[in-house]
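Content type compact mmCIF, C-alpha atoms, from the file entry-v7.txt:
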# COMPACT_ATOMS: atom_id res chain seq x y z
CA MET A 15 8.10 -1.80 -19.72
CA THR A 16 11.29 -0.81 -21.53
CA ALA A 17 11.38 0.24 -25.15
CA LEU A 18 13.54 -2.81 -25.88
CA ALA A 19 10.93 -5.14 -24.37
CA ARG A 20 8.24 -3.50 -26.47
CA ARG A 21 10.21 -3.99 -29.70
CA GLN A 22 11.11 -7.63 -29.03
CA ARG A 23 9.75 -10.20 -31.41
CA LEU A 24 7.68 -12.63 -29.39
CA SER A 25 5.91 -15.83 -30.30
CA PRO A 26 2.10 -15.54 -30.45
CA ASP A 27 1.81 -17.33 -27.08
CA GLU A 28 4.34 -14.99 -25.47
CA ARG A 29 2.64 -11.91 -26.92
CA ARG A 30 -0.76 -13.13 -25.72
CA GLU A 31 0.67 -13.69 -22.24
CA GLN A 32 2.26 -10.21 -22.28
CA ILE A 33 -1.14 -8.68 -23.05
CA LEU A 34 -2.86 -10.74 -20.34
CA LEU A 35 -0.33 -9.73 -17.69
CA ALA A 36 -0.76 -6.07 -18.58
CA ALA A 37 -4.55 -6.43 -18.44
CA GLU A 38 -4.32 -8.14 -15.05
CA ARG A 39 -2.34 -5.20 -13.68
CA LEU A 40 -4.77 -2.57 -14.96
CA PHE A 41 -7.97 -4.43 -14.07
CA ALA A 42 -6.62 -5.07 -10.56
CA GLU A 43 -6.28 -1.32 -10.10
CA ARG A 44 -9.53 -0.08 -11.65
CA PRO A 45 -12.95 -1.40 -12.70
CA TYR A 46 -13.59 -2.61 -16.23
CA GLY A 47 -15.36 0.57 -17.35
CA GLU A 48 -12.46 2.78 -16.27
CA VAL A 49 -9.81 0.98 -18.33
CA SER A 50 -9.58 1.86 -22.02
CA THR A 51 -8.24 -0.27 -24.84
CA THR A 52 -5.68 2.47 -25.46
CA GLU A 53 -4.38 2.06 -21.90
CA LEU A 54 -4.37 -1.72 -22.22
CA ALA A 55 -2.32 -1.55 -25.42
CA ALA A 56 0.10 0.99 -23.93
CA GLU A 57 0.57 -1.11 -20.76
CA ALA A 58 1.29 -4.19 -22.88
CA GLY A 59 3.54 -2.26 -25.26
CA VAL A 60 1.54 -3.29 -28.33
CA ALA A 61 -0.64 -1.64 -30.95
CA ARG A 62 -4.37 -1.58 -30.18
CA GLY A 63 -5.00 -3.81 -33.18
CA LEU A 64 -3.10 -6.64 -31.47
CA LEU A 65 -5.59 -6.62 -28.60
CA ASN A 66 -8.35 -7.34 -31.10
CA HIS A 67 -6.21 -9.86 -32.95
CA TYR A 68 -5.60 -11.94 -29.82
CA PHE A 69 -8.82 -11.39 -27.86
CA GLY A 70 -11.47 -9.90 -30.13
CA ASP A 71 -12.45 -7.02 -27.86
CA LYS A 72 -11.97 -5.61 -24.37
CA ARG A 73 -14.82 -7.70 -22.91
CA ALA A 74 -13.25 -10.96 -24.14
CA LEU A 75 -9.88 -9.92 -22.72
CA TYR A 76 -11.49 -9.09 -19.39
CA LEU A 77 -13.31 -12.43 -19.29
CA GLU A 78 -10.01 -14.20 -19.90
CA VAL A 79 -8.42 -12.29 -17.01
CA VAL A 80 -11.27 -13.34 -14.71
CA ARG A 81 -11.14 -16.93 -15.99
CA ARG A 82 -7.43 -17.12 -15.14
CA ALA A 83 -7.98 -15.57 -11.73
CA ALA A 84 -10.73 -18.09 -10.97
CA LEU A 85 -8.49 -21.09 -11.63
CA LEU A 86 -7.31 -22.85 -8.49
CA PRO A 87 -4.48 -25.34 -8.17
CA THR A 88 -5.72 -28.84 -8.90
CA LEU A 89 -5.64 -31.53 -6.28
CA GLU A 90 -3.10 -33.32 -8.46
CA ASP A 91 -0.76 -30.46 -7.50
CA VAL A 92 -1.43 -30.94 -3.78
CA ALA A 93 -1.60 -34.27 -1.98
CA LEU A 94 -4.89 -34.93 -0.22
CA PRO A 95 -4.30 -34.29 3.47
CA THR A 96 -4.41 -37.14 5.95
CA GLY A 97 -4.58 -37.21 9.70
CA ALA A 98 -7.07 -35.77 12.15
CA LEU A 99 -10.01 -33.71 10.92
CA GLU A 100 -8.44 -30.53 12.32
CA GLU A 101 -5.31 -31.13 10.21
CA ARG A 102 -7.33 -31.79 7.05
CA VAL A 103 -9.46 -28.68 7.56
CA ASP A 104 -6.34 -26.60 8.20
CA ALA A 105 -4.78 -27.99 5.00
CA ALA A 106 -7.92 -27.17 2.99
CA VAL A 107 -7.88 -23.55 4.16
CA ARG A 108 -4.13 -23.30 3.54
CA TRP A 109 -4.65 -24.69 0.01
CA PHE A 110 -7.38 -22.16 -0.73
CA LEU A 111 -5.59 -19.12 0.70
CA GLY A 112 -2.29 -20.22 -0.82
CA SER A 113 -3.80 -19.88 -4.27
CA ILE A 114 -4.86 -16.27 -3.69
CA THR A 115 -2.55 -13.49 -4.82
CA PRO A 116 -3.61 -9.88 -4.21
CA GLU A 117 -4.54 -9.57 -7.91
CA ARG A 118 -6.57 -12.77 -7.87
CA ALA A 119 -8.29 -11.68 -4.67
CA THR A 120 -9.27 -8.45 -6.38
CA TYR A 121 -10.94 -10.27 -9.27
CA LEU A 122 -12.63 -12.91 -7.15
CA THR A 123 -14.01 -10.59 -4.49
CA VAL A 124 -14.38 -7.14 -6.01
CA ARG A 125 -13.65 -6.53 -9.66
CA ALA A 126 -15.61 -9.40 -11.17
CA ALA A 127 -18.79 -7.99 -9.64
CA GLU A 128 -17.94 -4.57 -11.11
CA GLY A 129 -16.93 -6.08 -14.41
CA VAL A 130 -19.29 -6.12 -17.33
CA GLY A 131 -22.54 -5.99 -15.37
CA GLU A 132 -24.88 -8.95 -15.11
CA ASP A 133 -23.05 -10.93 -17.73
CA ALA A 134 -24.08 -14.58 -18.14
CA GLU A 135 -20.62 -15.67 -19.26
CA MET A 136 -18.97 -13.93 -16.31
CA ARG A 137 -21.45 -15.54 -13.92
CA ALA A 138 -20.79 -18.97 -15.48
CA ILE A 139 -17.01 -18.56 -15.05
CA LEU A 140 -17.33 -17.59 -11.40
CA ASP A 141 -20.04 -20.14 -10.56
CA GLY A 142 -17.98 -22.91 -12.16
CA ALA A 143 -14.88 -21.91 -10.20
CA HIS A 144 -16.83 -21.71 -6.93
CA ASP A 145 -18.37 -25.14 -7.45
CA LEU A 146 -15.02 -26.67 -8.38
CA ALA A 147 -13.43 -25.21 -5.24
CA ALA A 148 -16.32 -26.57 -3.12
CA GLY A 149 -15.78 -30.06 -4.50
CA ARG A 150 -12.06 -29.89 -3.80
CA VAL A 151 -12.58 -28.69 -0.24
CA LEU A 152 -15.03 -31.56 0.36
CA GLU A 153 -12.46 -34.05 -0.94
CA MET A 154 -9.84 -32.60 1.41
CA VAL A 155 -12.01 -32.71 4.53
CA GLY A 156 -13.56 -36.13 3.87
CA GLY A 157 -16.99 -34.92 2.75
CA ASP A 158 -18.96 -36.21 -0.23
CA PRO A 159 -18.34 -34.08 -3.35
CA ALA A 160 -21.20 -35.87 -5.12
CA ASP A 161 -23.76 -34.77 -2.51
CA PRO A 162 -25.52 -31.62 -3.80
CA ALA A 163 -26.41 -30.38 -0.30
CA GLN A 164 -22.83 -30.73 0.97
CA ARG A 165 -21.54 -28.96 -2.15
CA ALA A 166 -24.05 -26.16 -1.57
CA ALA A 167 -22.98 -25.79 2.07
CA ILE A 168 -19.33 -25.46 1.05
CA ARG A 169 -20.23 -22.96 -1.68
CA VAL A 170 -21.89 -20.89 1.06
CA PHE A 171 -18.66 -21.21 3.07
CA GLY A 172 -16.88 -20.03 -0.08
CA GLU A 173 -18.85 -16.78 0.05
CA MET A 174 -17.59 -16.27 3.59
CA ALA A 175 -14.07 -17.13 2.46
CA ARG A 176 -14.24 -14.49 -0.29
CA GLY A 177 -15.41 -11.97 2.32
CA ALA A 178 -12.46 -12.85 4.55
CA ILE A 179 -10.09 -12.53 1.59
CA ARG A 180 -11.53 -9.10 0.81
CA GLU A 181 -11.03 -8.03 4.45
CA TRP A 182 -7.45 -9.24 4.31
CA SER A 183 -6.38 -8.20 0.82
CA ARG A 184 -8.39 -5.02 0.16
CA GLU A 185 -9.40 -3.59 3.52
CA ALA A 186 -6.42 -4.75 5.62
CA ALA A 187 -8.86 -5.23 8.50
CA LEU A 188 -7.63 -8.80 8.96
CA SER A 189 -4.13 -10.19 8.57
CA ARG A 190 -3.68 -13.29 6.43
CA GLU A 191 -3.17 -15.28 9.64
CA GLN A 192 -6.40 -13.95 11.13
CA ALA A 193 -8.29 -14.77 7.91
CA HIS A 194 -6.84 -18.29 8.07
CA LEU A 195 -7.92 -18.71 11.70
CA LEU A 196 -11.44 -17.46 10.99
CA LEU A 197 -11.90 -19.71 7.97
CA ARG A 198 -10.37 -22.75 9.65
CA GLU A 199 -12.64 -22.53 12.67
CA ALA A 200 -15.74 -21.86 10.56
CA LEU A 201 -15.00 -24.77 8.23
CA LEU A 202 -14.37 -27.07 11.19
CA VAL A 203 -17.84 -26.28 12.59
CA ILE A 204 -19.44 -26.83 9.17
CA VAL A 205 -17.72 -30.18 8.67
CA ARG A 206 -18.42 -31.42 12.20
CA LYS A 207 -21.92 -30.12 12.82
CA VAL A 208 -23.55 -29.15 9.53
CA LEU A 209 -22.51 -31.65 6.87
CA PRO A 210 -23.59 -34.74 8.87
CA GLY A 211 -27.13 -33.34 9.13
CA LEU A 212 -27.56 -32.56 5.45
Can you turn what I pasted into structure tokens?
Amino acid sequence: MTALARRQRLSPDERREQILLAAERLFAERPYGEVSTTELAAEAGVARGLLNHYFGDKRALYLEVVRRAALLPTLEDVALPTGALEERVDAAVRWFLGSITPERATYLTVRAAEGVGEDAEMRAILDGAHDLAAGRVLEMVGGDPADPAQRAAIRVFGEMARGAIREWSREAALSREQAHLLLREALLVIVRKVLPGL
């Protein structure tokens, strides 16, 4: 960040966003415990007191970073797919993977678990995001989002999806295309053979 950018007068919303973006960069690189408030302030180009002013403490800032990473595009932003089941399943996987940046993948598959330990608020953020994603996938593939067993099955698929994302984004063992293929074929089997029996 340039000295000019650091000295700029920003609105409270812009300053808050500047701090969040800096925190996203640092927390994507290193676990929560290895990032100091001094580093966060320096990365954002602000005084340490502004971190507390906008977020309260480092934990609250971290939770906000994870909350943002856990947000997925709403179905209002993407038309529900039509056509054959294969096309709808492919669209659901494309929707999910399309929402994953390398930084978001880091939070959703690695860093959140390293975050602030067994934190109830962290768990609630991630569980809520996983359940919301499961409901959206069910809508896209023609399942029943109100059925608890179907939602649970898709949440289990979500764990596999996060593993595939980790293999693609962190380990580079899979390409994005290979991750897409793996998830598409697995979801197709679940929708065809598992959901009807639940």
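Proximity ranking of A:Asp158, A:Asp104, A:Glu38, A:Glu185 relative to A:Tyr76 places A:Glu38 first, based on only C-alpha atoms.
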Could you jot down the atom CA of A:Leu65 to atom CA of A:Ile33 separation for me, Å, one decimal place?
7.4 Å
Find the distance between atom CA of A:Arg190 and atom CA of A:Trp109 and write it in Å to one decimal.
13.1 Å
Nearest residue to A:Arg169 out of A:Ala105, A:Ala187, A:Leu196, A:Leu201, using all atoms listed in the file?
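Smallest distance to A:Arg169 is found for A:Leu201.
Closest approach to A:Ala138 among A:Arg184, A:Ala84, A:Pro159, A:Leu54 is made by A:Ala84 (distances from all atoms listed in the file).
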Residues near A:Leu75, cut-off 12 Å, only C-alpha atoms, skip fewer than 6 positions along chain, as number ranges by chain:
A: 30-31, 33-38, 40-41, 46, 49-51, 54-55, 64-69, 81-82, 129-130, 136
Distance in Å - atom CA of A:His194 versus atom CA of A:Val107
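Interatomic distance here is 6.6 Å.
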Selected residue of minimal separation from A:Gly177 among A:Asp145, A:Leu197, A:Val203, A:Pro162, counting only C-alpha atoms:
A:Leu197
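Among A:Ala93, A:Val60, A:Val103, A:Ala83, the residue with the shortest atom-to-atom distance to A:Gly157, counting all atoms listed in the file, is A:Val103.
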Env of A:Ala175: 9 Å cut, atoms = all atoms listed in the file, seq-sep filter 2 positions within chain, self excluded. Answer as JSON, numbers by chain.
{"A": [110, 111, 170, 171, 172, 173, 177, 178, 179, 180, 193, 196, 197]}
Measuring between all atoms listed in the file, which one of A:Ile168, A:Leu140, A:Ala148, A:Leu188 shows the shortest distance to A:Val79?
A:Leu140
Box along x, y and z, 8 Å on every side, all listed atoms of stretch 22-34 of chain A inside: centre and edge lengths in Å to one decimal, as lines of an AutoDock Vina configuration file.
center_x = 4.1
center_y = -12.5
center_z = -25.9
size_x = 30.0
size_y = 25.7
size_z = 27.1
Can you pull out every residue within 12 Å of A:Glu101, counting all atoms listed in the file, but drop anything in the same chain fewer than 2 positions away, and send it as a VMD selection string?
chain A and resid 94 to 99 103 to 108 154 to 156 198 to 199 201 to 202
Mind writing the picked residues with C-alpha atoms as an mmCIF file, in the coordinates of the input?
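selection.cif was written with the following content:
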data_model
loop_
_atom_site.group_PDB
_atom_site.id
_atom_site.type_symbol
_atom_site.label_atom_id
_atom_site.label_comp_id
_atom_site.auth_asym_id
_atom_site.auth_seq_id
_atom_site.Cartn_x
_atom_site.Cartn_y
_atom_site.Cartn_z
ATOM 1 C CA LEU A 94 -4.890 -34.930 -0.220
ATOM 2 C CA PRO A 95 -4.300 -34.290 3.470
ATOM 3 C CA THR A 96 -4.410 -37.140 5.950
ATOM 4 C CA GLY A 97 -4.580 -37.210 9.700
ATOM 5 C CA ALA A 98 -7.070 -35.770 12.150
ATOM 6 C CA LEU A 99 -10.010 -33.710 10.920
ATOM 7 C CA VAL A 103 -9.460 -28.680 7.560
ATOM 8 C CA ASP A 104 -6.340 -26.600 8.200
ATOM 9 C CA ALA A 105 -4.780 -27.990 5.000
ATOM 10 C CA ALA A 106 -7.920 -27.170 2.990
ATOM 11 C CA VAL A 107 -7.880 -23.550 4.160
ATOM 12 C CA ARG A 108 -4.130 -23.300 3.540
ATOM 13 C CA MET A 154 -9.840 -32.600 1.410
ATOM 14 C CA VAL A 155 -12.010 -32.710 4.530
ATOM 15 C CA GLY A 156 -13.560 -36.130 3.870
ATOM 16 C CA ARG A 198 -10.370 -22.750 9.650
ATOM 17 C CA GLU A 199 -12.640 -22.530 12.670
ATOM 18 C CA LEU A 201 -15.000 -24.770 8.230
ATOM 19 C CA LEU A 202 -14.370 -27.070 11.190
#
